[in-house]
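To keep things clear, I will list the structure first and then write my remarks on it.
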Amino acid sequence: MINPGYLSITLKKDDGTVFKVPYSKISGNISSTKSESKLVLSHRSLLEVPRKANPFSMMQELRNILVNSPWHISYLEPQINKVDEKEDNIILEIVVHSIGEEGIEKLQILIEEYLEQTTIS
């Protein structure tokens, strides 16, 4: 930069070329983006699944469904863990990540649909 003026700024390139850029050209191209970290929502839920349903297999299948859904954030893994055991059931904790409430709701629907299919069959 050589000279900041009232209506334009004078710049000098590495090769020695000098040019003026009007501030109106600069201000006309301002763009902003929101920080994605402020938009990321996490949701934790506990699910009780029958022990006879092969919980390890269910955890793997459910993880694949969530990872491949368009609503889960690709760089954050869903967390699915066994947190408790009862006589006939196992309690799973599922943590999913999405941008916005709508994404969280759609992920919850996917989980519910999966559980309905696996416990019926």
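Following the order of the structure tokens, first chain is A, next is B, and so on, with residues numbered from 1 inside each chain and ligands from 1 in the order they appear.
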
Would you pick out the contacts of Gln79 in chain A at 8 Å or less, using only C-alpha atoms, so that residues sharing its chain but fewer than 3 positions from it are not included, and give the list as number ranges by chain?
A: 63, 93-96

Excluding range 74-76 of chain A and its own-chain neighbours fewer than 5 positions away, which residues fall within 10 Å of it when counting only C-alpha atoms? Please give them as a PyMOL selection string.
chain A and resi 66-69+96-98

Using only C-alpha atoms, which residues sit within 10 Å of Val83 in chain A once same-chain residues fewer than 5 positions away are excluded, as a list in words?
Leu46, Leu47, Ile90, Ile91, Leu92, Glu93 and Ile94 of chain A

Out of range 14-118 of chain A, which residues get alpha helix (DSSP H) from DSSP, as a PyMOL selection string?
chain A and resi 23-27+36-39+55-67+101-118

Near Glu102 in chain A, within 10 Å and counting only C-alpha atoms, which residues show up once chain neighbours fewer than 5 positions away are dropped, as number ranges by chain?
A: 71, 107-108

Shortest interatomic distance to Pro55 in chain A - which of A:Leu7, A:Ile80, A:Ile104, A:Ile2, counting only C-alpha atoms:
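Looking only at the distances to Pro55 in chain A, the closest residue turns out to be A:Ile80.
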
Give me every strand (DSSP E) residue in chain A, going by DSSP on the backbone, as a ChimeraX atom specification.
/A:3-4,8-12,18-22,40-50,79-85,89-99
